[in-house]
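**Q** So that you have it, the file is my_file28.txt, and it contains compact mmCIF, C-alpha atoms:
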```txt
# COMPACT_ATOMS: atom_id res chain seq x y z
CA MET X 1 -4.28 13.99 10.85
CA ALA X 2 -2.01 17.01 10.67
CA GLU X 3 -3.65 20.40 10.24
CA LYS X 4 -3.49 21.67 6.72
CA GLU X 5 -3.65 25.23 5.54
CA LEU X 6 -5.97 25.92 2.66
CA GLN X 7 -4.46 27.39 -0.48
CA PRO X 8 -6.35 29.72 -2.79
CA LYS X 9 -7.27 28.33 -6.18
CA ALA X 10 -8.74 29.99 -9.22
CA LYS X 11 -11.95 28.38 -10.37
CA ALA X 12 -11.58 26.56 -13.68
CA GLU X 13 -13.73 27.85 -16.49
CA VAL X 14 -15.93 25.55 -18.54
CA PRO X 15 -14.62 25.06 -22.07
CA THR X 16 -17.28 26.64 -24.24
CA THR X 17 -19.11 24.49 -26.73
CA ALA X 18 -22.08 26.68 -27.53
CA GLU X 19 -22.65 30.38 -27.15
CA ARG X 20 -24.54 31.40 -24.10
CA VAL X 21 -27.46 33.76 -23.94
CA ARG X 22 -26.94 34.76 -20.31
CA PRO X 23 -23.85 36.96 -19.95
CA GLY X 24 -21.03 36.09 -17.58
CA ARG X 25 -18.62 33.30 -16.90
CA VAL X 26 -19.25 29.62 -16.27
CA PHE X 27 -17.06 27.62 -13.91
CA LEU X 28 -16.48 23.95 -13.21
CA PRO X 29 -17.42 23.18 -9.61
CA ALA X 30 -14.85 21.22 -7.58
CA VAL X 31 -16.32 17.80 -6.82
CA ASP X 32 -15.82 14.77 -4.63
CA ILE X 33 -17.28 11.55 -5.95
CA PHE X 34 -17.30 8.43 -3.83
CA GLU X 35 -18.99 5.10 -3.85
CA THR X 36 -20.62 3.19 -1.05
CA PRO X 37 -22.07 -0.31 -1.58
CA GLU X 38 -25.55 1.20 -2.02
CA ALA X 39 -24.98 4.50 -3.78
CA LEU X 40 -22.77 6.88 -5.68
CA VAL X 41 -22.36 10.17 -3.80
CA LEU X 42 -21.39 13.42 -5.48
CA VAL X 43 -20.47 16.55 -3.52
CA ALA X 44 -19.93 19.80 -5.44
CA ASP X 45 -18.81 23.27 -4.29
CA MET X 46 -21.06 25.88 -5.83
CA PRO X 47 -20.76 29.07 -3.74
CA GLY X 48 -23.53 31.58 -4.31
CA VAL X 49 -26.03 29.06 -5.66
CA SER X 50 -29.24 28.72 -3.64
CA GLY X 51 -31.28 25.51 -3.55
CA ASP X 52 -33.88 26.67 -6.05
CA LYS X 53 -31.25 27.62 -8.64
CA VAL X 54 -29.75 24.16 -9.05
CA ALA X 55 -30.70 22.11 -12.10
CA LEU X 56 -29.96 18.39 -12.25
CA ASP X 57 -30.51 16.25 -15.29
CA LEU X 58 -29.93 12.52 -15.62
CA LYS X 59 -30.43 10.89 -19.00
CA GLU X 60 -29.50 7.22 -19.00
CA ASN X 61 -26.03 7.51 -17.47
CA HIS X 62 -25.27 11.11 -18.42
CA LEU X 63 -25.53 13.47 -15.44
CA THR X 64 -25.58 17.25 -15.81
CA ILE X 65 -25.29 19.64 -12.88
CA SER X 66 -25.80 23.36 -13.26
CA GLY X 67 -26.28 26.22 -10.85
CA GLU X 68 -27.08 29.87 -11.34
CA VAL X 69 -25.66 32.58 -9.11
CA GLY X 70 -27.27 35.90 -8.28
CA PRO X 71 -25.66 39.27 -8.98
CA PRO X 72 -22.26 39.44 -7.22
CA LEU X 73 -22.73 43.06 -6.13
CA GLY X 74 -25.61 44.92 -4.56
CA GLU X 75 -27.26 47.91 -6.16
CA GLY X 76 -25.03 50.96 -6.50
CA GLU X 77 -21.85 49.11 -5.51
CA THR X 78 -18.58 49.48 -7.36
CA ILE X 79 -15.69 47.05 -7.13
CA VAL X 80 -12.50 48.23 -5.43
CA GLU X 81 -10.37 45.06 -5.35
CA GLN X 82 -11.24 41.91 -7.26
CA GLU X 83 -9.48 38.64 -6.51
CA TYR X 84 -12.10 36.15 -7.61
CA PHE X 85 -14.78 36.11 -10.26
CA SER X 86 -18.39 35.09 -9.85
CA GLY X 87 -20.30 33.04 -12.34
CA ASP X 88 -22.61 30.12 -12.94
CA PHE X 89 -21.55 26.50 -12.54
CA HIS X 90 -21.85 23.64 -14.98
CA ARG X 91 -20.41 20.13 -15.14
CA GLU X 92 -21.29 16.86 -16.82
CA PHE X 93 -20.48 13.27 -15.91
CA HIS X 94 -20.85 9.83 -17.39
CA LEU X 95 -21.87 7.48 -14.63
CA GLY X 96 -20.46 3.99 -14.61
CA SER X 97 -23.17 2.25 -12.65
CA ILE X 98 -26.90 2.16 -13.23
CA ILE X 99 -28.78 4.61 -11.04
CA ASP X 100 -32.24 4.23 -9.57
CA GLN X 101 -33.72 7.49 -10.86
CA THR X 102 -36.71 7.42 -8.51
CA LYS X 103 -34.60 7.49 -5.35
CA ILE X 104 -32.14 10.33 -6.10
CA ASP X 105 -31.66 12.64 -3.15
CA ALA X 106 -30.22 16.14 -3.55
CA THR X 107 -29.58 18.75 -0.87
CA MET X 108 -27.99 22.17 -1.13
CA LYS X 109 -26.45 23.71 1.97
CA ASP X 110 -23.95 26.56 2.44
CA GLY X 111 -23.09 26.50 -1.25
CA VAL X 112 -22.40 22.76 -1.35
CA LEU X 113 -24.52 20.33 -3.36
CA HIS X 114 -24.84 16.84 -1.90
CA LEU X 115 -26.20 14.30 -4.33
CA VAL X 116 -26.95 10.68 -3.47
CA LEU X 117 -27.50 8.44 -6.47
CA PRO X 118 -28.68 4.99 -5.32
CA LYS X 119 -27.62 2.05 -7.46
CA VAL X 120 -30.23 -0.31 -8.80
CA GLU X 121 -30.36 -3.78 -7.25
CA LYS X 122 -28.52 -5.35 -10.16
CA ALA X 123 -25.47 -3.10 -9.81
CA LYS X 124 -24.95 -3.67 -6.08
CA PRO X 125 -22.13 -6.01 -5.18
CA ARG X 126 -23.27 -9.44 -4.08
CA LYS X 127 -21.47 -12.06 -2.15
CA ILE X 128 -21.85 -15.39 -3.80
CA GLN X 129 -22.02 -18.32 -1.51
CA VAL X 130 -20.25 -21.38 -2.80
CA LYS X 131 -22.11 -24.50 -1.92
CA VAL X 132 -20.15 -27.48 -0.89
CA GLY X 133 -21.36 -30.47 -2.84
CA MET E 1 28.16 66.56 1.15
CA PRO E 2 25.12 65.23 -0.67
CA ILE E 3 21.82 66.66 0.33
CA ILE E 4 18.90 64.24 0.33
CA PHE E 5 15.48 65.74 0.08
CA ARG E 6 12.98 63.67 1.97
CA GLU E 7 9.34 64.51 2.24
CA PRO E 8 7.81 64.01 5.66
CA GLY E 9 5.82 60.77 5.84
CA TRP E 10 7.48 59.29 2.80
CA GLU E 11 7.23 55.50 2.99
CA PRO E 12 9.08 53.77 0.16
CA LEU E 13 7.47 50.37 0.74
CA ARG E 14 4.01 51.84 0.65
CA GLU E 15 4.81 53.69 -2.54
CA LEU E 16 5.97 50.43 -4.10
CA GLU E 17 2.77 48.69 -3.08
CA HIS E 18 0.73 51.48 -4.60
CA LEU E 19 2.72 51.26 -7.79
CA GLN E 20 2.18 47.50 -7.94
CA ARG E 21 -1.57 47.94 -7.48
CA ARG E 22 -1.67 50.53 -10.21
CA MET E 23 0.31 48.28 -12.54
CA ASP E 24 -2.09 45.44 -11.78
CA ARG E 25 -5.03 47.64 -12.66
CA LEU E 26 -3.37 48.75 -15.85
CA PHE E 27 -2.86 45.15 -16.91
CA GLN E 28 -6.40 44.27 -15.94
CA SER E 29 -8.00 47.07 -17.91
CA GLY E 30 -5.70 47.51 -20.86
CA PHE E 31 -4.43 44.10 -21.83
CA GLY E 32 -7.29 41.87 -20.81
CA LEU E 33 -5.19 40.03 -18.24
CA GLU E 34 -6.41 39.24 -14.79
CA ARG E 35 -4.86 39.63 -11.40
CA ALA E 36 -3.65 36.12 -10.74
CA PRO E 37 -4.87 34.56 -7.48
CA TRP E 38 -1.39 33.30 -6.62
CA ARG E 39 -0.44 36.93 -6.27
CA VAL E 40 -2.47 36.93 -3.09
CA GLY E 41 -1.42 33.47 -1.90
CA VAL E 42 -3.81 33.32 1.05
CA TYR E 43 -7.19 31.60 1.33
CA PRO E 44 -9.89 32.80 0.97
CA LEU E 45 -9.81 35.17 -1.98
CA VAL E 46 -11.80 38.32 -1.31
CA ASN E 47 -13.58 40.94 -3.35
CA ILE E 48 -13.90 44.43 -1.93
CA SER E 49 -16.58 46.81 -3.12
CA GLU E 50 -18.18 50.00 -1.89
CA ASP E 51 -21.19 52.20 -2.20
CA ARG E 52 -21.95 55.61 -0.71
CA ASP E 53 -22.19 54.53 2.92
CA HIS E 54 -20.58 51.09 3.17
CA VAL E 55 -17.59 48.97 2.27
CA TYR E 56 -18.28 45.30 1.50
CA VAL E 57 -15.80 42.45 1.78
CA ARG E 58 -16.95 39.19 0.20
CA ALA E 59 -15.38 35.74 0.20
CA GLU E 60 -16.43 32.38 -1.23
CA LEU E 61 -16.37 29.81 1.57
CA PRO E 62 -18.49 26.87 0.41
CA GLY E 63 -19.13 24.22 3.06
CA VAL E 64 -17.77 26.28 5.96
CA LYS E 65 -20.15 26.34 8.88
CA SER E 66 -20.82 29.73 10.45
CA GLU E 67 -19.75 28.42 13.87
CA ASP E 68 -16.33 27.54 12.40
CA LEU E 69 -15.89 31.08 11.13
CA ASP E 70 -14.23 33.81 13.18
CA ILE E 71 -14.29 37.44 12.07
CA THR E 72 -12.22 40.07 13.89
CA ILE E 73 -11.59 43.74 13.29
CA GLN E 74 -8.24 44.94 14.51
CA ASP E 75 -7.00 48.45 13.92
CA ASN E 76 -7.45 48.94 10.22
CA SER E 77 -7.68 45.32 9.15
CA LEU E 78 -10.30 42.64 8.94
CA ILE E 79 -9.19 39.15 9.98
CA LEU E 80 -11.02 36.10 8.62
CA ARG E 81 -10.21 32.87 10.39
CA GLY E 82 -11.79 29.48 10.24
CA GLU E 83 -11.73 25.89 9.25
CA ARG E 84 -13.29 23.97 6.42
CA LYS E 85 -14.24 20.45 7.42
CA ILE E 86 -15.27 17.65 5.11
CA ASP E 87 -17.51 15.04 6.69
CA THR E 88 -16.55 12.09 4.52
CA GLU E 89 -12.95 12.06 5.67
CA GLU E 90 -13.30 9.39 8.31
CA LYS E 91 -15.68 7.13 6.42
CA GLN E 92 -14.46 4.06 4.63
CA VAL E 93 -15.52 4.75 1.07
CA ASN E 94 -14.02 4.40 -2.36
CA PHE E 95 -13.17 7.72 -3.98
CA HIS E 96 -13.51 8.36 -7.68
CA ARG E 97 -12.73 12.07 -7.54
CA ARG E 98 -11.29 14.18 -4.79
CA GLU E 99 -11.03 17.84 -5.67
CA ARG E 100 -12.47 19.50 -2.58
CA GLU E 101 -10.01 20.32 0.17
CA SER E 102 -10.28 20.75 3.89
CA GLY E 103 -8.11 22.74 6.24
CA PHE E 104 -7.82 25.92 8.20
CA PHE E 105 -7.38 29.47 6.96
CA ARG E 106 -6.41 32.90 8.20
CA ARG E 107 -6.56 35.98 6.06
CA VAL E 108 -5.88 39.59 6.94
CA VAL E 109 -7.53 42.17 4.71
CA ALA E 110 -6.37 45.77 4.90
CA LEU E 111 -9.41 48.02 4.84
CA PRO E 112 -9.42 50.95 2.44
CA ALA E 113 -10.53 53.57 5.00
CA MET E 114 -10.64 53.89 8.77
CA MET E 115 -13.70 51.98 9.87
CA GLN E 116 -15.99 52.30 12.83
CA PRO E 117 -15.68 48.88 14.45
CA ASP E 118 -19.11 49.08 16.09
CA LYS E 119 -20.91 49.22 12.76
CA VAL E 120 -19.97 45.89 11.22
CA ASP E 121 -22.46 43.42 9.90
CA ALA E 122 -21.61 39.92 8.64
CA THR E 123 -23.91 37.59 6.73
CA PHE E 124 -23.20 34.10 5.45
CA LYS E 125 -25.50 32.83 2.73
CA ASP E 126 -25.08 29.99 0.23
CA GLY E 127 -21.37 29.74 1.02
CA ILE E 128 -20.63 33.43 0.47
CA LEU E 129 -19.54 35.59 3.37
CA THR E 130 -20.39 39.29 3.19
CA VAL E 131 -18.92 41.67 5.74
CA LYS E 132 -20.60 45.07 5.58
CA LEU E 133 -18.71 47.93 7.20
CA ALA E 134 -20.14 51.40 7.69
CA LYS E 135 -17.94 54.19 6.40
CA PRO E 136 -17.05 56.88 8.90
CA ALA E 137 -18.69 60.24 8.27
CA ALA E 138 -15.38 61.74 7.14
CA ALA E 139 -15.00 59.21 4.33
CA LYS E 140 -18.48 59.69 2.89
CA PRO E 141 -18.92 61.86 -0.14
CA ARG E 142 -20.31 65.29 0.69
CA GLN E 143 -22.19 67.64 -1.50
CA ILE E 144 -21.07 71.19 -1.39
CA LYS E 145 -23.57 73.85 -2.20
CA VAL E 146 -22.46 76.91 -4.04
CA LYS E 147 -23.81 80.03 -2.44
CA VAL E 148 -25.06 82.70 -4.73
CA ALA E 149 -23.66 86.01 -3.67
```
Take the structure in the file and give it back as structure tokens.
**A**
Amino acid sequence: MAEKELQPKAKAEVPTTAERVRPGRVFLPAVDIFETPEALVLVADMPGVSGDKVALDLKENHLTISGEVGPPLGEGETIVEQEYFSGDFHREFHLGSIIDQTKIDATMKDGVLHLVLPKVEKAKPRKIQVKVG
Amino acid sequence: MPIIFREPGWEPLRELEHLQRRMDRLFQSGFGLERAPWRVGVYPLVNISEDRDHVYVRAELPGVKSEDLDITIQDNSLILRGERKIDTEEKQVNFHRRERESGFFRRVVALPAMMQPDKVDATFKDGILTVKLAKPAAAKPRQIKVKVA
């Protein structure tokens, strides 16, 4: 694969539905979603969010991901040049397949959330053997 | 014969850059518009801040491993180099969404004041890189006492 140079992108803001209590912006994290025969895997970029500040909620097939970031500047700091904005992350998904809620696995590392949502037995693809009569 | 007055050390390009920065700030503060990221055009985007003793350069680099990150100080600039790798690229899976990108990057950041290269500290936490540079003594604010005669 040829080497590719990364291009800067502004984070997309979440369209507001309700007013927020906490001040600041809310962004949509960039995600990769892929499917293996056993599970649905979701990977989301949430820079600045530590593992204990991630909230996941799955109701039936409605998945909500949110992450809170800490203050972007230390005490007594003033901004000189600002190219990006910091803020919390929030995104919601409707899942197509049925998820086994007891076996969900979530890890947060270097600002990336890795979520493995195992499918229930019924939703896994099966090969059907045709018997020769 | 026309006489052209030229101040010593007058750099027209630098003046233009200063003017552009000031215009940007004016737009940012007065009209509620933001400095567009495409203006910079290089990954990663950085925020520069300062306090009394230090200058901080921060960049959002989610998913970049610290061993794939290379930070250099050269003259008066900070060079951020590295590569963002995505593990799933080789695997045979079916994608529903693909918004995250992989690739290499190289960004040169001009530092606001002459820095002491031996006093640089870099931390990488939760996908945010913070480079902390100590200000030289000459750039620090000084308090001047008024003597009573």
**Q** Just checking: using only C-alpha atoms, which residue out of X:Asp88, X:Asp45, X:Asp57, X:Glu81 ends up closest to Ile48 of chain E?
**A**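 The shortest atom-to-atom distance to Ile48 of chain E comes from X:Glu81.
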**Q** Write out as JSON lines a residue-level contact list of chain E versus chain X with cut-off 10 Å: for each qualifying residue the closest pair of atoms and the distance in Å to one decimal, counting only C-alpha atoms, rows sorted by chain and residue number upward.
**A**
```
{"residue": "E:Arg21", "atom": "CA", "partner": "X:Glu81", "partner_atom": "CA", "distance": 9.5}
{"residue": "E:Arg25", "atom": "CA", "partner": "X:Glu81", "partner_atom": "CA", "distance": 9.4}
{"residue": "E:Glu34", "atom": "CA", "partner": "X:Glu83", "partner_atom": "CA", "distance": 8.9}
{"residue": "E:Arg35", "atom": "CA", "partner": "X:Glu83", "partner_atom": "CA", "distance": 6.8}
{"residue": "E:Ala36", "atom": "CA", "partner": "X:Glu83", "partner_atom": "CA", "distance": 7.6}
{"residue": "E:Pro37", "atom": "CA", "partner": "X:Glu83", "partner_atom": "CA", "distance": 6.2}
{"residue": "E:Trp38", "atom": "CA", "partner": "X:Pro8", "partner_atom": "CA", "distance": 7.2}
{"residue": "E:Arg39", "atom": "CA", "partner": "X:Glu83", "partner_atom": "CA", "distance": 9.2}
{"residue": "E:Val40", "atom": "CA", "partner": "X:Glu83", "partner_atom": "CA", "distance": 8.0}
{"residue": "E:Gly41", "atom": "CA", "partner": "X:Pro8", "partner_atom": "CA", "distance": 6.3}
{"residue": "E:Val42", "atom": "CA", "partner": "X:Pro8", "partner_atom": "CA", "distance": 5.8}
{"residue": "E:Tyr43", "atom": "CA", "partner": "X:Pro8", "partner_atom": "CA", "distance": 4.6}
{"residue": "E:Pro44", "atom": "CA", "partner": "X:Pro8", "partner_atom": "CA", "distance": 6.0}
{"residue": "E:Leu45", "atom": "CA", "partner": "X:Glu83", "partner_atom": "CA", "distance": 5.7}
{"residue": "E:Val46", "atom": "CA", "partner": "X:Glu83", "partner_atom": "CA", "distance": 5.7}
{"residue": "E:Asn47", "atom": "CA", "partner": "X:Gln82", "partner_atom": "CA", "distance": 4.7}
{"residue": "E:Ile48", "atom": "CA", "partner": "X:Glu81", "partner_atom": "CA", "distance": 5.0}
{"residue": "E:Ser49", "atom": "CA", "partner": "X:Ile79", "partner_atom": "CA", "distance": 4.1}
{"residue": "E:Glu50", "atom": "CA", "partner": "X:Glu77", "partner_atom": "CA", "distance": 5.2}
{"residue": "E:Asp51", "atom": "CA", "partner": "X:Glu77", "partner_atom": "CA", "distance": 4.6}
{"residue": "E:Arg52", "atom": "CA", "partner": "X:Gly76", "partner_atom": "CA", "distance": 8.0}
{"residue": "E:His54", "atom": "CA", "partner": "X:Glu77", "partner_atom": "CA", "distance": 9.0}
{"residue": "E:Val55", "atom": "CA", "partner": "X:Glu77", "partner_atom": "CA", "distance": 8.9}
{"residue": "E:Tyr56", "atom": "CA", "partner": "X:Glu77", "partner_atom": "CA", "distance": 8.7}
{"residue": "E:Val57", "atom": "CA", "partner": "X:Glu81", "partner_atom": "CA", "distance": 9.3}
{"residue": "E:Arg58", "atom": "CA", "partner": "X:Pro72", "partner_atom": "CA", "distance": 9.1}
{"residue": "E:Ala59", "atom": "CA", "partner": "X:Tyr84", "partner_atom": "CA", "distance": 8.5}
{"residue": "E:Glu60", "atom": "CA", "partner": "X:Pro47", "partner_atom": "CA", "distance": 6.0}
{"residue": "E:Leu61", "atom": "CA", "partner": "X:Pro47", "partner_atom": "CA", "distance": 6.9}
{"residue": "E:Pro62", "atom": "CA", "partner": "X:Gly111", "partner_atom": "CA", "distance": 4.9}
{"residue": "E:Gly63", "atom": "CA", "partner": "X:Asp110", "partner_atom": "CA", "distance": 5.4}
{"residue": "E:Val64", "atom": "CA", "partner": "X:Asp110", "partner_atom": "CA", "distance": 7.1}
{"residue": "E:Lys65", "atom": "CA", "partner": "X:Asp110", "partner_atom": "CA", "distance": 7.5}
{"residue": "E:Ser66", "atom": "CA", "partner": "X:Asp110", "partner_atom": "CA", "distance": 9.2}
{"residue": "E:Glu83", "atom": "CA", "partner": "X:Leu6", "partner_atom": "CA", "distance": 8.8}
{"residue": "E:Arg84", "atom": "CA", "partner": "X:Leu6", "partner_atom": "CA", "distance": 8.5}
{"residue": "E:Thr88", "atom": "CA", "partner": "X:Phe34", "partner_atom": "CA", "distance": 9.1}
{"residue": "E:Lys91", "atom": "CA", "partner": "X:Thr36", "partner_atom": "CA", "distance": 9.8}
{"residue": "E:Gln92", "atom": "CA", "partner": "X:Thr36", "partner_atom": "CA", "distance": 8.4}
{"residue": "E:Val93", "atom": "CA", "partner": "X:Thr36", "partner_atom": "CA", "distance": 5.7}
{"residue": "E:Asn94", "atom": "CA", "partner": "X:Glu35", "partner_atom": "CA", "distance": 5.2}
{"residue": "E:Phe95", "atom": "CA", "partner": "X:Phe34", "partner_atom": "CA", "distance": 4.2}
{"residue": "E:His96", "atom": "CA", "partner": "X:Ile33", "partner_atom": "CA", "distance": 5.2}
{"residue": "E:Arg97", "atom": "CA", "partner": "X:Ile33", "partner_atom": "CA", "distance": 4.8}
{"residue": "E:Arg98", "atom": "CA", "partner": "X:Asp32", "partner_atom": "CA", "distance": 4.6}
{"residue": "E:Glu99", "atom": "CA", "partner": "X:Val31", "partner_atom": "CA", "distance": 5.4}
{"residue": "E:Arg100", "atom": "CA", "partner": "X:Ala30", "partner_atom": "CA", "distance": 5.8}
{"residue": "E:Glu101", "atom": "CA", "partner": "X:Leu6", "partner_atom": "CA", "distance": 7.3}
{"residue": "E:Ser102", "atom": "CA", "partner": "X:Leu6", "partner_atom": "CA", "distance": 6.8}
{"residue": "E:Gly103", "atom": "CA", "partner": "X:Lys4", "partner_atom": "CA", "distance": 4.8}
{"residue": "E:Phe104", "atom": "CA", "partner": "X:Glu5", "partner_atom": "CA", "distance": 5.0}
{"residue": "E:Phe105", "atom": "CA", "partner": "X:Leu6", "partner_atom": "CA", "distance": 5.8}
{"residue": "E:Arg106", "atom": "CA", "partner": "X:Glu5", "partner_atom": "CA", "distance": 8.6}
{"residue": "E:Pro112", "atom": "CA", "partner": "X:Val80", "partner_atom": "CA", "distance": 8.9}
{"residue": "E:Phe124", "atom": "CA", "partner": "X:Asp110", "partner_atom": "CA", "distance": 8.2}
{"residue": "E:Lys125", "atom": "CA", "partner": "X:Asp110", "partner_atom": "CA", "distance": 6.5}
{"residue": "E:Asp126", "atom": "CA", "partner": "X:Asp110", "partner_atom": "CA", "distance": 4.2}
{"residue": "E:Gly127", "atom": "CA", "partner": "X:Gly111", "partner_atom": "CA", "distance": 4.3}
{"residue": "E:Ile128", "atom": "CA", "partner": "X:Gly48", "partner_atom": "CA", "distance": 5.9}
{"residue": "E:Leu129", "atom": "CA", "partner": "X:Gly48", "partner_atom": "CA", "distance": 9.5}
```
**Q** How about saving the chosen residues, C-alpha atoms kept, as a short mmCIF file (atom, residue, chain, number, x, y, z; two decimals), keeping the file's coordinate frame?
**A**
```
data_model
loop_
_atom_site.label_atom_id
_atom_site.label_comp_id
_atom_site.auth_asym_id
_atom_site.auth_seq_id
_atom_site.Cartn_x
_atom_site.Cartn_y
_atom_site.Cartn_z
CA ARG E 21 -1.57 47.94 -7.48
CA ARG E 25 -5.03 47.64 -12.66
CA GLU E 34 -6.41 39.24 -14.79
CA ARG E 35 -4.86 39.63 -11.40
CA ALA E 36 -3.65 36.12 -10.74
CA PRO E 37 -4.87 34.56 -7.48
CA TRP E 38 -1.39 33.30 -6.62
CA ARG E 39 -0.44 36.93 -6.27
CA VAL E 40 -2.47 36.93 -3.09
CA GLY E 41 -1.42 33.47 -1.90
CA VAL E 42 -3.81 33.32 1.05
CA TYR E 43 -7.19 31.60 1.33
CA PRO E 44 -9.89 32.80 0.97
CA LEU E 45 -9.81 35.17 -1.98
CA VAL E 46 -11.80 38.32 -1.31
CA ASN E 47 -13.58 40.94 -3.35
CA ILE E 48 -13.90 44.43 -1.93
CA SER E 49 -16.58 46.81 -3.12
CA GLU E 50 -18.18 50.00 -1.89
CA ASP E 51 -21.19 52.20 -2.20
CA ARG E 52 -21.95 55.61 -0.71
CA HIS E 54 -20.58 51.09 3.17
CA VAL E 55 -17.59 48.97 2.27
CA TYR E 56 -18.28 45.30 1.50
CA VAL E 57 -15.80 42.45 1.78
CA ARG E 58 -16.95 39.19 0.20
CA ALA E 59 -15.38 35.74 0.20
CA GLU E 60 -16.43 32.38 -1.23
CA LEU E 61 -16.37 29.81 1.57
CA PRO E 62 -18.49 26.87 0.41
CA GLY E 63 -19.13 24.22 3.06
CA VAL E 64 -17.77 26.28 5.96
CA LYS E 65 -20.15 26.34 8.88
CA SER E 66 -20.82 29.73 10.45
CA GLU E 83 -11.73 25.89 9.25
CA ARG E 84 -13.29 23.97 6.42
CA THR E 88 -16.55 12.09 4.52
CA LYS E 91 -15.68 7.13 6.42
CA GLN E 92 -14.46 4.06 4.63
CA VAL E 93 -15.52 4.75 1.07
CA ASN E 94 -14.02 4.40 -2.36
CA PHE E 95 -13.17 7.72 -3.98
CA HIS E 96 -13.51 8.36 -7.68
CA ARG E 97 -12.73 12.07 -7.54
CA ARG E 98 -11.29 14.18 -4.79
CA GLU E 99 -11.03 17.84 -5.67
CA ARG E 100 -12.47 19.50 -2.58
CA GLU E 101 -10.01 20.32 0.17
CA SER E 102 -10.28 20.75 3.89
CA GLY E 103 -8.11 22.74 6.24
CA PHE E 104 -7.82 25.92 8.20
CA PHE E 105 -7.38 29.47 6.96
CA ARG E 106 -6.41 32.90 8.20
CA PRO E 112 -9.42 50.95 2.44
CA PHE E 124 -23.20 34.10 5.45
CA LYS E 125 -25.50 32.83 2.73
CA ASP E 126 -25.08 29.99 0.23
CA GLY E 127 -21.37 29.74 1.02
CA ILE E 128 -20.63 33.43 0.47
CA LEU E 129 -19.54 35.59 3.37
#
```
**Q** Rounded to one decimal, what separation in Å do you get between atom CA of Gly67 of chain X and atom CA of Ala55 of chain X?
**A**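 Pair atom CA of Gly67 of chain X / atom CA of Ala55 of chain X returns 6.2 Å.
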**Q** Interatomic distance between atom CA of Thr72 of chain E and atom CA of Lys85 of chain E?
**A**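 Interatomic distance, atom CA of Thr72 of chain E to atom CA of Lys85 of chain E: 20.8 Å.
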**Q** At what distance in Å, to one decimal, does atom CA of Val109 of chain E lie from atom CA of Arg142 of chain E?
**A**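 Calculated distance between atom CA of Arg142 of chain E and atom CA of Val109 of chain E is 26.7 Å.
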**Q** Have a look at X:Lys103, X:His90, X:Lys119, X:His114 and name the one nearest to Asn61 of chain X; count all atoms listed in the file.
**A**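 Checking each candidate against Asn61 of chain X, we get X:Lys119 as the closest.
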**Q** Mind listing as a PDB file with C-alpha atoms, in the coordinates of the input all residues within 12 Å of (-25.7, -2.7, -9.9), counting all atoms listed in the file?
**A**
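Listed below is the output, part17.pdb:
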```pdb
ATOM      1  CA  GLU X  35     -18.990   5.100  -3.850  1.00  0.00           C
ATOM      2  CA  THR X  36     -20.620   3.190  -1.050  1.00  0.00           C
ATOM      3  CA  PRO X  37     -22.070  -0.310  -1.580  1.00  0.00           C
ATOM      4  CA  GLU X  38     -25.550   1.200  -2.020  1.00  0.00           C
ATOM      5  CA  ALA X  39     -24.980   4.500  -3.780  1.00  0.00           C
ATOM      6  CA  LEU X  40     -22.770   6.880  -5.680  1.00  0.00           C
ATOM      7  CA  LEU X  95     -21.870   7.480 -14.630  1.00  0.00           C
ATOM      8  CA  GLY X  96     -20.460   3.990 -14.610  1.00  0.00           C
ATOM      9  CA  SER X  97     -23.170   2.250 -12.650  1.00  0.00           C
ATOM     10  CA  ILE X  98     -26.900   2.160 -13.230  1.00  0.00           C
ATOM     11  CA  ILE X  99     -28.780   4.610 -11.040  1.00  0.00           C
ATOM     12  CA  ASP X 100     -32.240   4.230  -9.570  1.00  0.00           C
ATOM     13  CA  LEU X 117     -27.500   8.440  -6.470  1.00  0.00           C
ATOM     14  CA  PRO X 118     -28.680   4.990  -5.320  1.00  0.00           C
ATOM     15  CA  LYS X 119     -27.620   2.050  -7.460  1.00  0.00           C
ATOM     16  CA  VAL X 120     -30.230  -0.310  -8.800  1.00  0.00           C
ATOM     17  CA  GLU X 121     -30.360  -3.780  -7.250  1.00  0.00           C
ATOM     18  CA  LYS X 122     -28.520  -5.350 -10.160  1.00  0.00           C
ATOM     19  CA  ALA X 123     -25.470  -3.100  -9.810  1.00  0.00           C
ATOM     20  CA  LYS X 124     -24.950  -3.670  -6.080  1.00  0.00           C
ATOM     21  CA  PRO X 125     -22.130  -6.010  -5.180  1.00  0.00           C
ATOM     22  CA  ARG X 126     -23.270  -9.440  -4.080  1.00  0.00           C
TER      23      ARG X 126
END
```
